[in-house]
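Visitor: Here it is, the structure in full.
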2 protein chains.
Amino acid sequence: MKIAVDAMGGDYAPAVVIEGAREASGKFGVQIILVGREDAILKELRGALPKNFQIQPASEVISMDEPPAVSIRKKRDSSICVGLDLVKENEADAFVSAGNTGAVVCAGSLGLGLLPGIERPGIGLIIPTLKEPALIIDVGANIDPKPLHLLQYGIMADAYLRHILGRADITVGLLNIGEEETKGTDFVKETYQLLEKSRLNFIGNIEAKDVFRGKCDVIVCDGFVGNVALKISEGVGEVVAEFLRRELSQDLFAKLGIFFVKTSLHRFSKILDYSEYGGALLLGVDGIVIIGHGRSSSHAIMNAIRVAKEEVERKVNERIVEAISSSSSSVIT
Amino acid sequence: MKIAVDAMGGDYAPAVVIEGAREASGKFGVQIILVGREDAILKELRGALPKNFQIQPASEVISMDEPPAVSIRKKRDSSICVGLDLVKENEADAFVSAGNTGAVVCAGSLGLGLLPGIERPGIGLIIPTLKEPALIIDVGANIDPKPLHLLQYGIMADAYLRHILGRADITVGLLNIGEEETKGTDFVKETYQLLEKSRLNFIGNIEAKDVFRGKCDVIVCDGFVGNVALKISEGVGEVVAEFLRRELSQDLFAKLGIFFVKTSLHRFSKILDYSEYGGALLLGVDGIVIIGHGRSSSHAIMNAIRVAKEEVERKVNERIVEAISSSSSSVIT
């Protein structure tokens with residue numbers, strides 16, 4: 001199995017990306033194609049290409065804040081475009097990038113095309129909850145979707161949890177400002193009706209406060225709301241940690257206490273650490289694409305490659321196509 | 001000064017509401033009009049009305065999950081409708097309720113009317129940040145707003161921080177999925193243009209991850225997004241606390257450590273405690289209305305009454321009307 005990895009993507013590229021790819025290759029036995037500027041990659045590797053590694057040169061880099069549509073049109077030789085081409089040409093089984101999310105979504109949709117029956121791609125993210133991890137979709141691929149797109153997100157996420165993570169009895173909730181069927185905008189109400197008529201195990205609306213409590217396995221929402229929900233959660237986590245750090249560093253007793261609670265705090269931070277969950281899933285495109293957080297550590301890159309490998313092995317896209325085609329006859333008509 | 005308090009509102013009414021009102025009356029010297037079922041209130045007071053307390057009987061109760069528009073039409077003698085009537089008739093200076101938020105917004109807008117020039121009310125909430133507390137508006141009054149409504153939210157929030165909290169150099173940000181001007185839906189982009197042309201100190205888009213970092217003083221957003229952002233933040237806080245509790249209770253060393261960090265954790269939880277900030281502000285209606293969290297403690301009720309008192313003393317609505325009228329000539333044309 002060959003995984004193309006965007007060596008130039010993410011805030012700490014290429015060093016951290018290459019380190020993560022090394023770990024993944026050693027641990028999971030996958031072949032790695034590092035995509036990016038050859039000189040930068042070789043410099044990082046100190047001239048010696050590890051076993052199971054190849055380089056696919058790409059002369060351009062799309063930075064984190066470039067406008068996606070423009071940048072992928074102008075920079076055809078960017079690591080993102082070249083990496084996705086490898087997947088399209090079947091020279092790689094999957095592509096992993098911690099680069100510009102919008103550019104990966106754009107280039108992925110245009111370059112690889114969408115799966116049969118899928119109208120829009122969605123970004124899914126596995127998040128920790130008080131129960132089992134949940135999958136929230138969409139967290140930013142499609143900020144102005146139609147109700148049908150959200151139905152399809154639900155179907156894709158259900159297939160993902162079922163076939164890739166081996167979960168059963170998947171429940172699906174619609175993110176809304178209240179639980180009652182009558183709540184929300186017209187868009188949300190129409191989506192509710194579609195989900196209710198579908199074959200999914202739709203439990204109705206879910207309020208944002210219940211997302212991390214693990215009230216359902218799949219949370220569907222539009223990409224704007226999902227992106228805000230995700231990023232504000234990250235922000236809360238950081239701020240809570242910072243407040244705690246400030247408080248605990250003020251006090252001599254607290255400093256002593258920290259010594260005792262260290263192991264617990266470490267285990268705790270691992271539960272909440274997105275890097276454990278291995279990046280976001282670009283679902284709906286005809287190819288396997290994993291999008292890492294811009295601030296991905298090598299550990300996060302390694303986990304993103306692990307997720308890519310699992311998706312390849314368990315044929316995620318075949319499962320999604322089956323689910324969509326078997327649902328479409330009963331639902332969309 | 002007389003503050004009408006919804007004795008039946010909130011998950012722990014009437015006991016906790018009355019306790020909070022007692023504390024507030026003692027501390028701030030305000031007169032309290034308890035609105036609700038006389039028998040329930042008198043039972044709670046053990047028959048003895050405290051000094052500075054009155055009861056305004058209201059025979060009906062709107063429960064937390066009743067549909068707002070229907071319930072306020074059907075239950076004209078509910079504590080929410082009767083309490084707002086007291087404000088309308090100038091028999092109370094402000095109304096505080098921890099009851100059904102939608103019903104308070106609906107009854108407040110219809111019963112009191114909107115301030116001159118204001119097109120829609122908004123719910124503002126003071127939130128803790130790494131810097132000074134910020135004001136986020138709207139967190140759920142208006143889930144399908146127009147760009148002009150968000151501009152008016154910005155103007156109202158700016159006036160609030162300036163005149164009620166005595167803050168200077170207020171910065172305003174628009175909640176969006178990225179910082180660049182070109183990001184977001186058409187609605188958000190139009191709102192951006194209006195804010196930029198206004199007299200507000202508009203710093204542009206703010207990403208959700210920066211809200212709690214205190215990147216700006218006022219965050220404007222539509223009520224759907226604001227509600228999700230707020231509630232997911234609450235959820236994250238709760239889940240983090242629960243994970244931490246689980247971790248720390250597993251481990252003997254950790255239990256010992258807790259003893260040392262207790263004071264710090266207590267100070268820390270006070271910073272994050274919404275009840276310290278005294279409820280949400282229903283801005284734009286022609287009267288002073290504070291909406292407490294459904295799970296308000298007596299401490300939260302006391303603080304909500306404090307905030308109501310400050311708004312009355314500092315004439316929040318006069319300040320808002322001035323700000324709107326002086327801005328409208330330069331902006332809306």
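By order of appearance in the structure tokens: chains A, B, ..., then residues from 1 within every chain, and ligands from 1 in the order shown.
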Quick check for you: according to DSSP on this backbone, which residues of stretch 97-194 of chain A are classed as helix (DSSP H, G or I)? Reply as a PyMOL selection string.

Guide: chain A and resi 101-112+147-164+186-194

Visitor: Excluding same-chain residues fewer than 6 positions from stretch 205-212 of chain B, what lies within 8 Å of it counting only C-alpha atoms, as a list in words?

Guide: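 Here the answer would be Val228, Ala229, Lys231, Ile232, Ser233, Glu234, Gly235, Val236 and Val239 of chain A; Ile127, Pro128, Thr129, Leu130, Gly173, Leu174, Leu175, Asn176, Ile177, Gly178, Glu179, Glu180, Glu181, Tyr192, Ile219 and Ala229 of chain B.
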
Visitor: Of the candidates B:Glu91, B:Glu313, B:Asp222, B:Asp85, which one gets nearest to chain A if we count only C-alpha atoms?

Guide: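 Comparing B:Glu91, B:Glu313, B:Asp222, B:Asp85 against chain A, the winner is B:Asp222.
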
Visitor: Which neighbours of stretch 118-125 of chain B fall inside 10 Å, counting only C-alpha atoms, when residues of the same chain fewer than 4 positions from it are skipped, and could you give them as a ChimeraX atom specification?

Guide: /B:101,105-106,108-109,113-114,133-143,145-146,148-150,152-153,156-157,160,218-220,222-223,226-227,230,274,277-286,290-291,320-321,324-325

Visitor: Determine, counting only C-alpha atoms, which protein, DNA and RNA residues have an atom within 7 Å of an atom of B:Glu60; residues of the same chain fewer than 6 positions away are not included. Present the result as a list in words.

Guide: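 So the residues in contact are Lys75, Asp77, Ser78 and Ser79 of chain B.
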
Visitor: Which residues come within 7 Å of stretch 185-187 of chain A, counting only C-alpha atoms, excluding same-chain residues fewer than 4 positions away, as a list in words?

Guide: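 So the residues in contact are Pro147 and Thr191 of chain A; Ile143 and Asp144 of chain B.
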
Visitor: Check the smallest atom-to-atom distance from each of A:Met64, A:Leu194, A:Ala94, A:Val82 to chain B using only C-alpha atoms, then report the winner.

Guide: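 Closest to chain B of all the choices is A:Met64.
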
Visitor: Which residues are close to B:Ile155, i.e. within 9 Å by only C-alpha atoms, leaving aside same-chain residues fewer than 6 positions away? Reply as a list in words.

Guide: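 Within the cut-off, the hits are Ser198, Arg199, Leu200, Ile320, Ala323, Ile324 and Ser327 of chain B.
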
Visitor: Could you write those residues out with N, CA and C atoms, as a PDB file, in the first residue's frame?

Guide:
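What landed in selection.pdb:
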```pdb
ATOM      1  N   SER B 198     -19.582  50.926   9.006  1.00  0.00           N
ATOM      2  CA  SER B 198     -20.173  51.548  10.198  1.00  0.00           C
ATOM      3  C   SER B 198     -19.124  52.334  10.978  1.00  0.00           C
ATOM      4  N   ARG B 199     -19.595  52.998  12.021  1.00  0.00           N
ATOM      5  CA  ARG B 199     -18.659  53.741  12.878  1.00  0.00           C
ATOM      6  C   ARG B 199     -18.023  52.863  13.956  1.00  0.00           C
ATOM      7  N   LEU B 200     -18.425  51.603  13.992  1.00  0.00           N
ATOM      8  CA  LEU B 200     -17.855  50.701  15.001  1.00  0.00           C
ATOM      9  C   LEU B 200     -16.382  50.463  14.722  1.00  0.00           C
ATOM     10  N   ILE B 320     -28.679  53.016  23.867  1.00  0.00           N
ATOM     11  CA  ILE B 320     -28.809  52.243  22.622  1.00  0.00           C
ATOM     12  C   ILE B 320     -29.533  53.071  21.561  1.00  0.00           C
ATOM     13  N   ALA B 323     -27.212  55.571  20.155  1.00  0.00           N
ATOM     14  CA  ALA B 323     -26.199  54.970  19.288  1.00  0.00           C
ATOM     15  C   ALA B 323     -26.798  54.583  17.944  1.00  0.00           C
ATOM     16  N   ILE B 324     -27.990  54.013  17.974  1.00  0.00           N
ATOM     17  CA  ILE B 324     -28.630  53.592  16.727  1.00  0.00           C
ATOM     18  C   ILE B 324     -28.981  54.805  15.870  1.00  0.00           C
ATOM     19  N   SER B 327     -25.928  56.385  14.366  1.00  0.00           N
ATOM     20  CA  SER B 327     -25.255  55.562  13.357  1.00  0.00           C
ATOM     21  C   SER B 327     -26.081  55.464  12.093  1.00  0.00           C
TER      22      SER B 327
END
```

Visitor: For a test of reading the model, state the distance in Å between atom CA of B:Val96 and atom CA of B:Ala304, rounded to one decimal.

Guide: 6.9 Å

Visitor: Using only C-alpha atoms, determine which residues lie at most 8 Å from B:Val312, disregarding the query and same-chain residues fewer than 3 positions distant; provide the list as a ChimeraX atom specification.

Guide: /B:93-94,288,308-309,315-316

Visitor: Taking the backbone alone, and naming residues the way the document does, which bits of stretch 108-214 of chain B are strand (DSSP E) by DSSP, as an NGL selection string?

Guide: :B and (122-127 or 134-137 or 172-176 or 202-207)

Visitor: Go ahead and save the residues from that selection, with all heavy atoms, as a short mmCIF file (atom, residue, chain, number, x, y, z; two decimals), in the first residue's frame.

Guide:
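What ended up in again-v1.cif:
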```cif
data_model
loop_
_atom_site.label_atom_id
_atom_site.label_comp_id
_atom_site.auth_asym_id
_atom_site.auth_seq_id
_atom_site.Cartn_x
_atom_site.Cartn_y
_atom_site.Cartn_z
N GLY B 122 -31.95 41.05 20.08
CA GLY B 122 -30.87 40.06 20.10
C GLY B 122 -30.56 39.68 21.54
O GLY B 122 -30.75 40.50 22.45
N ILE B 123 -30.11 38.46 21.74
CA ILE B 123 -29.69 38.06 23.08
C ILE B 123 -28.18 38.17 23.16
O ILE B 123 -27.46 37.52 22.39
CB ILE B 123 -30.12 36.62 23.42
CG1 ILE B 123 -31.65 36.47 23.31
CG2 ILE B 123 -29.67 36.24 24.83
CD1 ILE B 123 -32.13 35.04 23.58
N GLY B 124 -27.73 38.99 24.08
CA GLY B 124 -26.28 39.14 24.29
C GLY B 124 -25.86 38.41 25.55
O GLY B 124 -26.62 38.34 26.51
N LEU B 125 -24.67 37.87 25.51
CA LEU B 125 -24.18 37.18 26.70
C LEU B 125 -22.75 37.59 26.99
O LEU B 125 -21.90 37.62 26.09
CB LEU B 125 -24.24 35.67 26.49
CG LEU B 125 -24.05 34.85 27.77
CD1 LEU B 125 -25.34 34.80 28.56
CD2 LEU B 125 -23.58 33.45 27.45
N ILE B 126 -22.49 37.93 28.24
CA ILE B 126 -21.12 38.25 28.66
C ILE B 126 -20.40 36.93 28.92
O ILE B 126 -20.90 36.08 29.66
CB ILE B 126 -21.14 39.09 29.95
CG1 ILE B 126 -21.96 40.38 29.77
CG2 ILE B 126 -19.72 39.39 30.43
CD1 ILE B 126 -21.27 41.48 29.03
N ILE B 127 -19.26 36.74 28.29
CA ILE B 127 -18.51 35.50 28.48
C ILE B 127 -17.09 35.80 28.96
O ILE B 127 -16.52 36.83 28.61
CB ILE B 127 -18.43 34.68 27.16
CG1 ILE B 127 -17.86 35.54 26.02
CG2 ILE B 127 -19.79 34.12 26.78
CD1 ILE B 127 -17.54 34.76 24.76
N ALA B 134 -16.07 39.32 27.24
CA ALA B 134 -16.56 39.79 25.95
C ALA B 134 -18.08 39.64 25.91
O ALA B 134 -18.67 38.96 26.75
CB ALA B 134 -15.91 39.00 24.83
N LEU B 135 -18.68 40.28 24.92
CA LEU B 135 -20.13 40.20 24.75
C LEU B 135 -20.42 39.56 23.41
O LEU B 135 -20.03 40.09 22.37
CB LEU B 135 -20.73 41.62 24.84
CG LEU B 135 -22.22 41.83 24.65
CD1 LEU B 135 -23.06 40.85 25.48
CD2 LEU B 135 -22.61 43.25 25.05
N ILE B 136 -21.07 38.41 23.41
CA ILE B 136 -21.44 37.74 22.17
C ILE B 136 -22.93 37.93 21.94
O ILE B 136 -23.73 37.80 22.86
CB ILE B 136 -21.02 36.25 22.17
CG1 ILE B 136 -21.41 35.57 20.83
CG2 ILE B 136 -21.57 35.47 23.34
CD1 ILE B 136 -20.77 34.19 20.64
N ILE B 137 -23.28 38.32 20.72
CA ILE B 137 -24.68 38.61 20.38
C ILE B 137 -24.89 38.24 18.92
O ILE B 137 -24.06 38.58 18.10
CB ILE B 137 -25.03 40.09 20.67
CG1 ILE B 137 -26.50 40.38 20.38
CG2 ILE B 137 -24.12 41.05 19.93
CD1 ILE B 137 -26.98 41.76 20.89
N VAL B 172 -15.04 45.19 17.66
CA VAL B 172 -16.15 44.32 17.24
C VAL B 172 -15.65 43.35 16.17
O VAL B 172 -15.00 43.76 15.22
CB VAL B 172 -17.31 45.17 16.67
CG1 VAL B 172 -18.46 44.28 16.18
CG2 VAL B 172 -17.80 46.18 17.70
N GLY B 173 -15.95 42.07 16.33
CA GLY B 173 -15.58 41.07 15.33
C GLY B 173 -16.81 40.32 14.85
O GLY B 173 -17.80 40.20 15.58
N LEU B 174 -16.75 39.82 13.63
CA LEU B 174 -17.84 39.03 13.05
C LEU B 174 -17.43 37.56 13.06
O LEU B 174 -16.39 37.20 12.52
CB LEU B 174 -18.07 39.50 11.60
CG LEU B 174 -19.06 38.72 10.74
CD1 LEU B 174 -20.47 38.77 11.34
CD2 LEU B 174 -19.07 39.30 9.31
N LEU B 175 -18.23 36.72 13.71
CA LEU B 175 -17.89 35.30 13.80
C LEU B 175 -17.97 34.66 12.41
O LEU B 175 -19.00 34.74 11.74
CB LEU B 175 -18.85 34.60 14.77
CG LEU B 175 -18.51 33.15 15.14
CD1 LEU B 175 -17.15 33.05 15.78
CD2 LEU B 175 -19.58 32.59 16.09
N ASN B 176 -16.86 34.05 11.99
CA ASN B 176 -16.81 33.48 10.64
C ASN B 176 -15.88 32.27 10.64
O ASN B 176 -15.20 31.99 11.62
CB ASN B 176 -16.34 34.56 9.65
CG ASN B 176 -16.73 34.26 8.21
OD1 ASN B 176 -17.08 33.13 7.86
ND2 ASN B 176 -16.66 35.27 7.36
N PHE B 202 -14.53 48.00 13.89
CA PHE B 202 -14.69 46.64 13.38
C PHE B 202 -13.33 46.06 13.02
O PHE B 202 -12.63 46.61 12.18
CB PHE B 202 -15.62 46.67 12.16
CG PHE B 202 -15.84 45.33 11.51
CD1 PHE B 202 -16.30 44.24 12.24
CD2 PHE B 202 -15.59 45.17 10.14
CE1 PHE B 202 -16.52 43.01 11.63
CE2 PHE B 202 -15.81 43.94 9.52
CZ PHE B 202 -16.27 42.86 10.27
N ILE B 203 -12.98 44.94 13.64
CA ILE B 203 -11.66 44.36 13.37
C ILE B 203 -11.73 43.25 12.32
O ILE B 203 -10.74 42.58 12.04
CB ILE B 203 -11.00 43.79 14.65
CG1 ILE B 203 -11.85 42.64 15.24
CG2 ILE B 203 -10.76 44.88 15.67
CD1 ILE B 203 -11.06 41.68 16.07
N GLY B 204 -12.91 43.03 11.75
CA GLY B 204 -13.03 42.01 10.71
C GLY B 204 -13.58 40.70 11.26
O GLY B 204 -14.19 40.67 12.33
N ASN B 205 -13.34 39.63 10.51
CA ASN B 205 -13.84 38.32 10.93
C ASN B 205 -13.04 37.78 12.10
O ASN B 205 -11.83 38.01 12.20
CB ASN B 205 -13.73 37.33 9.77
CG ASN B 205 -14.68 37.69 8.63
OD1 ASN B 205 -15.82 38.08 8.87
ND2 ASN B 205 -14.21 37.56 7.40
N ILE B 206 -13.70 37.05 12.94
CA ILE B 206 -13.02 36.36 14.03
C ILE B 206 -13.39 34.88 13.95
O ILE B 206 -14.56 34.54 13.76
CB ILE B 206 -13.35 36.99 15.41
CG1 ILE B 206 -12.84 36.10 16.56
CG2 ILE B 206 -14.82 37.26 15.59
CD1 ILE B 206 -12.96 36.75 17.93
N GLU B 207 -12.39 34.03 14.05
CA GLU B 207 -12.66 32.60 14.05
C GLU B 207 -13.10 32.16 15.43
O GLU B 207 -12.70 32.75 16.45
CB GLU B 207 -11.40 31.84 13.64
CG GLU B 207 -11.11 31.94 12.15
CD GLU B 207 -10.09 30.89 11.73
OE1 GLU B 207 -10.45 29.70 11.64
OE2 GLU B 207 -8.93 31.28 11.50
#
```

Visitor: As an exercise, work out the distance from atom CA of B:Gly166 to atom CA of B:Glu318 in Å and give it to one decimal place.

Guide: 15.3 Å
